[in-house]
Amino acid sequence: METQNISFKLKNIELIQSNITPIDYVLSPDVIFKFTINIEHLINIKDNLIAIKPNIIIFTEDNDTILGTLTASLVFEFDNLSAFVIENEIKLPLDIIITINSLSISTVRGIMFSTFKGTYLHNAFLPVIDPKAFNIQ
């Protein structure tokens with residue numbers, strides 16, 4: 001994949017943790033799930049790697065009890081990350097950050113479906129999210 005002449009590829013996908021909270025009640029079939037999504041970026045300039053760690057927390061619209069969580073890691077390999085180091089900080093173009101965040105969220109959506117299949121969180125589908133809506137710092 002290439003954006004702004006920056007070549008990168010997906011190198012690894014890993015499920016770090018998942019958890020389902022035992023509940024003693026049945027969720028309504030029309031329950032509306034809500035999600036808290038946090039994304040952490042871990043950068044290894046020497047090896048040209050960026051690990052994206054999305055963390056998902058699942059609630060329902062009616063109850064703030066955490067029903068489940070999931071954290072994954074997606075590692076992207078870049079051609080030359082050191083080219084983006086300015087004053088000891090990495091300064092990637094915003095469209096690259098948006099692209100790798102978007103790819104990560106889409107991948108986590110599939111991991112969630114696979115991980116929670118057959119449980120009461122089977123229908124907790126992570127919605128399609130505009131990656132520009134994240135507070136990118």
# chains A, B, ... in the order shown; residues from 1 in each chain; ligands from 1
call {"tool": "select_by_dssp", "arguments": {"residues": "stretch 17-116 of chain A", "states": "alpha helix (DSSP H)", "output": "list in words"}}
result
Leu94, Asp95, Ile96, Ile97, Ile98, Thr99, Ile100, Asn101, Ser102, Leu103, Ser104, Ile105, Ser106, Thr107, Val108, Arg109, Gly110, Ile111, Met112, Phe113, Ser114, Thr115 and Phe116 of chain A
call {"tool": "closest_residue", "arguments": {"among": "A:Ile50, A:Ile57, A:Leu81, A:Ile39", "to": "A:Ile105", "atoms": "only C-alpha atoms"}}
result
A:Ile39
call {"tool": "closest_residue", "arguments": {"among": "A:Asn38, A:Asn44, A:Thr119, A:Ser106", "to": "A:Ile23", "atoms": "only C-alpha atoms"}}
result
A:Thr119
call {"tool": "residues_around", "arguments": {"residues": "A:Phe84", "least_positions_apart": "2", "cutoff": "12 Å", "atoms": "only C-alpha atoms", "output": "mmCIF file with N, CA, C and O atoms, in the first residue's frame"}}
result
data_model
loop_
_atom_site.group_PDB
_atom_site.id
_atom_site.type_symbol
_atom_site.label_atom_id
_atom_site.label_comp_id
_atom_site.auth_asym_id
_atom_site.auth_seq_id
_atom_site.Cartn_x
_atom_site.Cartn_y
_atom_site.Cartn_z
ATOM 1 N N ILE A 6 4.678 6.750 0.495
ATOM 2 C CA ILE A 6 5.161 6.020 1.662
ATOM 3 C C ILE A 6 4.674 4.584 1.515
ATOM 4 O O ILE A 6 3.481 4.320 1.556
ATOM 5 N N ILE A 43 5.974 2.690 18.164
ATOM 6 C CA ILE A 43 6.847 2.894 17.002
ATOM 7 C C ILE A 43 8.251 2.381 17.298
ATOM 8 O O ILE A 43 8.830 2.693 18.332
ATOM 9 N N ILE A 45 11.505 2.754 15.261
ATOM 10 C CA ILE A 45 12.128 3.393 14.090
ATOM 11 C C ILE A 45 13.250 2.525 13.526
ATOM 12 O O ILE A 45 13.381 2.381 12.311
ATOM 13 N N ASN A 48 11.724 -0.067 11.483
ATOM 14 C CA ASN A 48 10.710 0.468 10.567
ATOM 15 C C ASN A 48 9.320 -0.126 10.814
ATOM 16 O O ASN A 48 8.586 -0.425 9.875
ATOM 17 N N PHE A 78 7.228 -0.308 7.438
ATOM 18 C CA PHE A 78 7.403 0.811 6.519
ATOM 19 C C PHE A 78 8.767 0.729 5.852
ATOM 20 O O PHE A 78 9.670 0.075 6.363
ATOM 21 N N ASP A 79 8.911 1.414 4.727
ATOM 22 C CA ASP A 79 10.198 1.428 4.029
ATOM 23 C C ASP A 79 11.268 2.187 4.799
ATOM 24 O O ASP A 79 12.380 1.725 4.929
ATOM 25 N N ASN A 80 10.929 3.376 5.312
ATOM 26 C CA ASN A 80 11.964 4.197 5.935
ATOM 27 C C ASN A 80 11.338 5.165 6.930
ATOM 28 O O ASN A 80 11.133 6.339 6.623
ATOM 29 N N LEU A 81 11.071 4.693 8.146
ATOM 30 C CA LEU A 81 10.461 5.564 9.157
ATOM 31 C C LEU A 81 11.389 6.681 9.599
ATOM 32 O O LEU A 81 10.931 7.762 9.960
ATOM 33 N N SER A 82 12.687 6.446 9.562
ATOM 34 C CA SER A 82 13.621 7.475 10.045
ATOM 35 C C SER A 82 13.531 8.758 9.222
ATOM 36 O O SER A 82 13.890 9.831 9.704
ATOM 37 N N ILE A 86 11.606 14.159 13.064
ATOM 38 C CA ILE A 86 11.909 15.593 13.073
ATOM 39 C C ILE A 86 12.023 16.013 14.531
ATOM 40 O O ILE A 86 11.074 15.849 15.304
ATOM 41 N N GLU A 87 13.183 16.521 14.907
ATOM 42 C CA GLU A 87 13.443 16.958 16.279
ATOM 43 C C GLU A 87 13.074 15.865 17.295
ATOM 44 O O GLU A 87 12.335 16.094 18.248
ATOM 45 N N ASN A 88 13.567 14.655 17.053
ATOM 46 C CA ASN A 88 13.362 13.492 17.925
ATOM 47 C C ASN A 88 11.907 13.051 18.062
ATOM 48 O O ASN A 88 11.555 12.361 19.014
ATOM 49 N N GLU A 89 11.056 13.463 17.135
ATOM 50 C CA GLU A 89 9.661 13.015 17.115
ATOM 51 C C GLU A 89 9.342 12.505 15.721
ATOM 52 O O GLU A 89 9.826 13.045 14.729
ATOM 53 N N ILE A 90 8.518 11.475 15.665
ATOM 54 C CA ILE A 90 8.101 10.973 14.360
ATOM 55 C C ILE A 90 6.895 11.790 13.908
ATOM 56 O O ILE A 90 5.962 12.018 14.669
ATOM 57 N N LYS A 91 6.945 12.275 12.682
ATOM 58 C CA LYS A 91 5.886 13.120 12.128
ATOM 59 C C LYS A 91 5.379 12.476 10.841
ATOM 60 O O LYS A 91 5.794 12.836 9.745
ATOM 61 N N LEU A 92 4.483 11.492 10.990
ATOM 62 C CA LEU A 92 3.884 10.852 9.821
ATOM 63 C C LEU A 92 2.767 11.730 9.277
ATOM 64 O O LEU A 92 2.054 12.388 10.050
ATOM 65 N N PRO A 93 2.574 11.719 7.972
ATOM 66 C CA PRO A 93 1.444 12.464 7.398
ATOM 67 C C PRO A 93 0.113 11.951 7.963
ATOM 68 O O PRO A 93 -0.045 10.746 8.205
ATOM 69 N N ILE A 96 -1.621 8.924 6.421
ATOM 70 C CA ILE A 96 -1.041 7.616 6.742
ATOM 71 C C ILE A 96 -1.598 7.135 8.080
ATOM 72 O O ILE A 96 -1.987 5.971 8.225
#
call {"tool": "atom_distance", "arguments": {"atom1": "atom CA of A:Val75", "atom2": "atom CA of A:Leu15"}}
result
11.8 Å
call {"tool": "residues_around", "arguments": {"residues": "A:Pro54", "least_positions_apart": "4", "cutoff": "12 Å", "atoms": "only C-alpha atoms", "output": "JSON, numbers by chain"}}
result
{"A": [13, 14, 15, 16, 17, 18, 35, 36, 37, 38, 39, 40, 41, 42, 69, 70, 71, 72, 73, 74, 75, 100, 101, 102, 103, 104, 105, 106, 107, 108, 109, 111, 112]}
call {"tool": "write_last_selection", "arguments": {"atoms": "C-alpha atoms", "output": "PDB file, in the first residue's frame"}}
result
ATOM      1  CA  ILE A  13      -1.939  -9.532  13.385  1.00  0.00           C
ATOM      2  CA  GLU A  14      -2.354 -10.814  16.931  1.00  0.00           C
ATOM      3  CA  LEU A  15      -5.210 -11.083  19.410  1.00  0.00           C
ATOM      4  CA  ILE A  16      -3.701  -9.843  22.675  1.00  0.00           C
ATOM      5  CA  GLN A  17      -6.671 -10.354  24.985  1.00  0.00           C
ATOM      6  CA  SER A  18     -10.413 -10.819  24.984  1.00  0.00           C
ATOM      7  CA  PHE A  35     -18.282   0.829  22.276  1.00  0.00           C
ATOM      8  CA  THR A  36     -15.309   2.699  23.637  1.00  0.00           C
ATOM      9  CA  ILE A  37     -12.389   2.512  21.234  1.00  0.00           C
ATOM     10  CA  ASN A  38      -8.820   3.473  22.061  1.00  0.00           C
ATOM     11  CA  ILE A  39      -5.904   3.122  19.678  1.00  0.00           C
ATOM     12  CA  GLU A  40      -2.291   3.084  20.814  1.00  0.00           C
ATOM     13  CA  HIS A  41       0.637   3.483  18.391  1.00  0.00           C
ATOM     14  CA  LEU A  42       3.978   1.897  19.280  1.00  0.00           C
ATOM     15  CA  THR A  69     -13.217  -6.236  25.968  1.00  0.00           C
ATOM     16  CA  LEU A  70     -10.821  -7.027  23.186  1.00  0.00           C
ATOM     17  CA  THR A  71      -7.305  -5.836  22.386  1.00  0.00           C
ATOM     18  CA  ALA A  72      -5.361  -6.711  19.267  1.00  0.00           C
ATOM     19  CA  SER A  73      -2.061  -5.732  17.711  1.00  0.00           C
ATOM     20  CA  LEU A  74      -1.430  -5.023  14.054  1.00  0.00           C
ATOM     21  CA  VAL A  75       2.148  -4.438  12.989  1.00  0.00           C
ATOM     22  CA  ILE A 100      -3.438   2.500   9.373  1.00  0.00           C
ATOM     23  CA  ASN A 101      -6.067   3.317  12.015  1.00  0.00           C
ATOM     24  CA  SER A 102      -8.842   2.491   9.552  1.00  0.00           C
ATOM     25  CA  LEU A 103      -7.204  -0.793   8.534  1.00  0.00           C
ATOM     26  CA  SER A 104      -6.757  -1.679  12.199  1.00  0.00           C
ATOM     27  CA  ILE A 105     -10.374  -0.978  13.149  1.00  0.00           C
ATOM     28  CA  SER A 106     -11.663  -2.981  10.170  1.00  0.00           C
ATOM     29  CA  THR A 107      -9.447  -5.911  11.105  1.00  0.00           C
ATOM     30  CA  VAL A 108     -10.521  -5.756  14.757  1.00  0.00           C
ATOM     31  CA  ARG A 109     -14.154  -5.837  13.632  1.00  0.00           C
ATOM     32  CA  ILE A 111     -11.496 -10.456  15.076  1.00  0.00           C
ATOM     33  CA  MET A 112     -14.400  -9.469  17.340  1.00  0.00           C
TER      34      MET A 112
END
call {"tool": "closest_atom_pairs", "arguments": {"of": "stretch 50-107 of chain A", "to": "stretch 24-33 of chain A", "cutoff": "10 Å", "atoms": "only C-alpha atoms", "output": "JSON lines"}}
result
{"residue": "A:Ile58", "atom": "CA", "partner": "A:Phe33", "partner_atom": "CA", "distance": 6.8}
{"residue": "A:Phe59", "atom": "CA", "partner": "A:Phe33", "partner_atom": "CA", "distance": 5.8}
{"residue": "A:Thr60", "atom": "CA", "partner": "A:Phe33", "partner_atom": "CA", "distance": 4.2}
{"residue": "A:Glu61", "atom": "CA", "partner": "A:Ile32", "partner_atom": "CA", "distance": 5.5}
{"residue": "A:Asp62", "atom": "CA", "partner": "A:Ile32", "partner_atom": "CA", "distance": 8.1}
{"residue": "A:Asn63", "atom": "CA", "partner": "A:Phe33", "partner_atom": "CA", "distance": 9.5}
{"residue": "A:Leu67", "atom": "CA", "partner": "A:Phe33", "partner_atom": "CA", "distance": 9.5}
call {"tool": "select_by_dssp", "arguments": {"residues": "stretch 5-91 of chain A", "states": "strand (DSSP E or B)", "output": "PyMOL selection string"}}
result
chain A and resi 6-20+33-44+49-60+63-78+85-86+89-90
call {"tool": "write_last_selection", "arguments": {"atoms": "C-alpha atoms", "output": "PDB file, in the first residue's frame"}}
result
ATOM      1  CA  ILE A   6       5.161   6.020   1.662  1.00  0.00           C
ATOM      2  CA  SER A   7       5.236   2.271   1.183  1.00  0.00           C
ATOM      3  CA  PHE A   8       4.131  -0.017   3.973  1.00  0.00           C
ATOM      4  CA  LYS A   9       2.665  -3.461   4.463  1.00  0.00           C
ATOM      5  CA  LEU A  10       0.849  -5.392   7.139  1.00  0.00           C
ATOM      6  CA  LYS A  11       3.376  -7.661   8.832  1.00  0.00           C
ATOM      7  CA  ASN A  12       1.496  -9.250  11.752  1.00  0.00           C
ATOM      8  CA  ILE A  13      -1.939  -9.532  13.385  1.00  0.00           C
ATOM      9  CA  GLU A  14      -2.354 -10.814  16.931  1.00  0.00           C
ATOM     10  CA  LEU A  15      -5.210 -11.083  19.410  1.00  0.00           C
ATOM     11  CA  ILE A  16      -3.701  -9.843  22.675  1.00  0.00           C
ATOM     12  CA  GLN A  17      -6.671 -10.354  24.985  1.00  0.00           C
ATOM     13  CA  SER A  18     -10.413 -10.819  24.984  1.00  0.00           C
ATOM     14  CA  ASN A  19     -12.854 -11.007  27.844  1.00  0.00           C
ATOM     15  CA  ILE A  20     -16.566 -11.634  28.224  1.00  0.00           C
ATOM     16  CA  PHE A  33     -24.414  -2.070  21.962  1.00  0.00           C
ATOM     17  CA  LYS A  34     -22.056   0.840  22.431  1.00  0.00           C
ATOM     18  CA  PHE A  35     -18.282   0.829  22.276  1.00  0.00           C
ATOM     19  CA  THR A  36     -15.309   2.699  23.637  1.00  0.00           C
ATOM     20  CA  ILE A  37     -12.389   2.512  21.234  1.00  0.00           C
ATOM     21  CA  ASN A  38      -8.820   3.473  22.061  1.00  0.00           C
ATOM     22  CA  ILE A  39      -5.904   3.122  19.678  1.00  0.00           C
ATOM     23  CA  GLU A  40      -2.291   3.084  20.814  1.00  0.00           C
ATOM     24  CA  HIS A  41       0.637   3.483  18.391  1.00  0.00           C
ATOM     25  CA  LEU A  42       3.978   1.897  19.280  1.00  0.00           C
ATOM     26  CA  ILE A  43       6.847   2.894  17.002  1.00  0.00           C
ATOM     27  CA  ASN A  44      10.148   1.109  16.410  1.00  0.00           C
ATOM     28  CA  LEU A  49       7.688  -0.889  12.440  1.00  0.00           C
ATOM     29  CA  ILE A  50       4.530   0.654  13.824  1.00  0.00           C
ATOM     30  CA  ALA A  51       2.310  -1.501  16.040  1.00  0.00           C
ATOM     31  CA  ILE A  52      -1.296  -0.378  16.277  1.00  0.00           C
ATOM     32  CA  LYS A  53      -3.110  -1.627  19.390  1.00  0.00           C
ATOM     33  CA  PRO A  54      -6.865  -1.095  19.229  1.00  0.00           C
ATOM     34  CA  ASN A  55      -8.665  -1.699  22.522  1.00  0.00           C
ATOM     35  CA  ILE A  56     -12.439  -2.150  22.426  1.00  0.00           C
ATOM     36  CA  ILE A  57     -14.763  -1.997  25.445  1.00  0.00           C
ATOM     37  CA  ILE A  58     -18.361  -3.146  24.947  1.00  0.00           C
ATOM     38  CA  PHE A  59     -21.396  -1.835  26.865  1.00  0.00           C
ATOM     39  CA  THR A  60     -25.094  -1.599  26.130  1.00  0.00           C
ATOM     40  CA  ASN A  63     -26.184  -0.140  31.086  1.00  0.00           C
ATOM     41  CA  ASP A  64     -22.590   0.999  31.610  1.00  0.00           C
ATOM     42  CA  THR A  65     -21.499  -2.436  32.846  1.00  0.00           C
ATOM     43  CA  ILE A  66     -18.572  -3.656  30.774  1.00  0.00           C
ATOM     44  CA  LEU A  67     -19.798  -6.711  28.902  1.00  0.00           C
ATOM     45  CA  GLY A  68     -16.595  -7.479  27.068  1.00  0.00           C
ATOM     46  CA  THR A  69     -13.217  -6.236  25.968  1.00  0.00           C
ATOM     47  CA  LEU A  70     -10.821  -7.027  23.186  1.00  0.00           C
ATOM     48  CA  THR A  71      -7.305  -5.836  22.386  1.00  0.00           C
ATOM     49  CA  ALA A  72      -5.361  -6.711  19.267  1.00  0.00           C
ATOM     50  CA  SER A  73      -2.061  -5.732  17.711  1.00  0.00           C
ATOM     51  CA  LEU A  74      -1.430  -5.023  14.054  1.00  0.00           C
ATOM     52  CA  VAL A  75       2.148  -4.438  12.989  1.00  0.00           C
ATOM     53  CA  PHE A  76       2.900  -2.431   9.874  1.00  0.00           C
ATOM     54  CA  GLU A  77       6.333  -2.388   8.256  1.00  0.00           C
ATOM     55  CA  PHE A  78       7.403   0.811   6.519  1.00  0.00           C
ATOM     56  CA  VAL A  85      11.860  11.851  12.457  1.00  0.00           C
ATOM     57  CA  ILE A  86      11.909  15.593  13.073  1.00  0.00           C
ATOM     58  CA  GLU A  89       9.661  13.015  17.115  1.00  0.00           C
ATOM     59  CA  ILE A  90       8.101  10.973  14.360  1.00  0.00           C
TER      60      ILE A  90
END
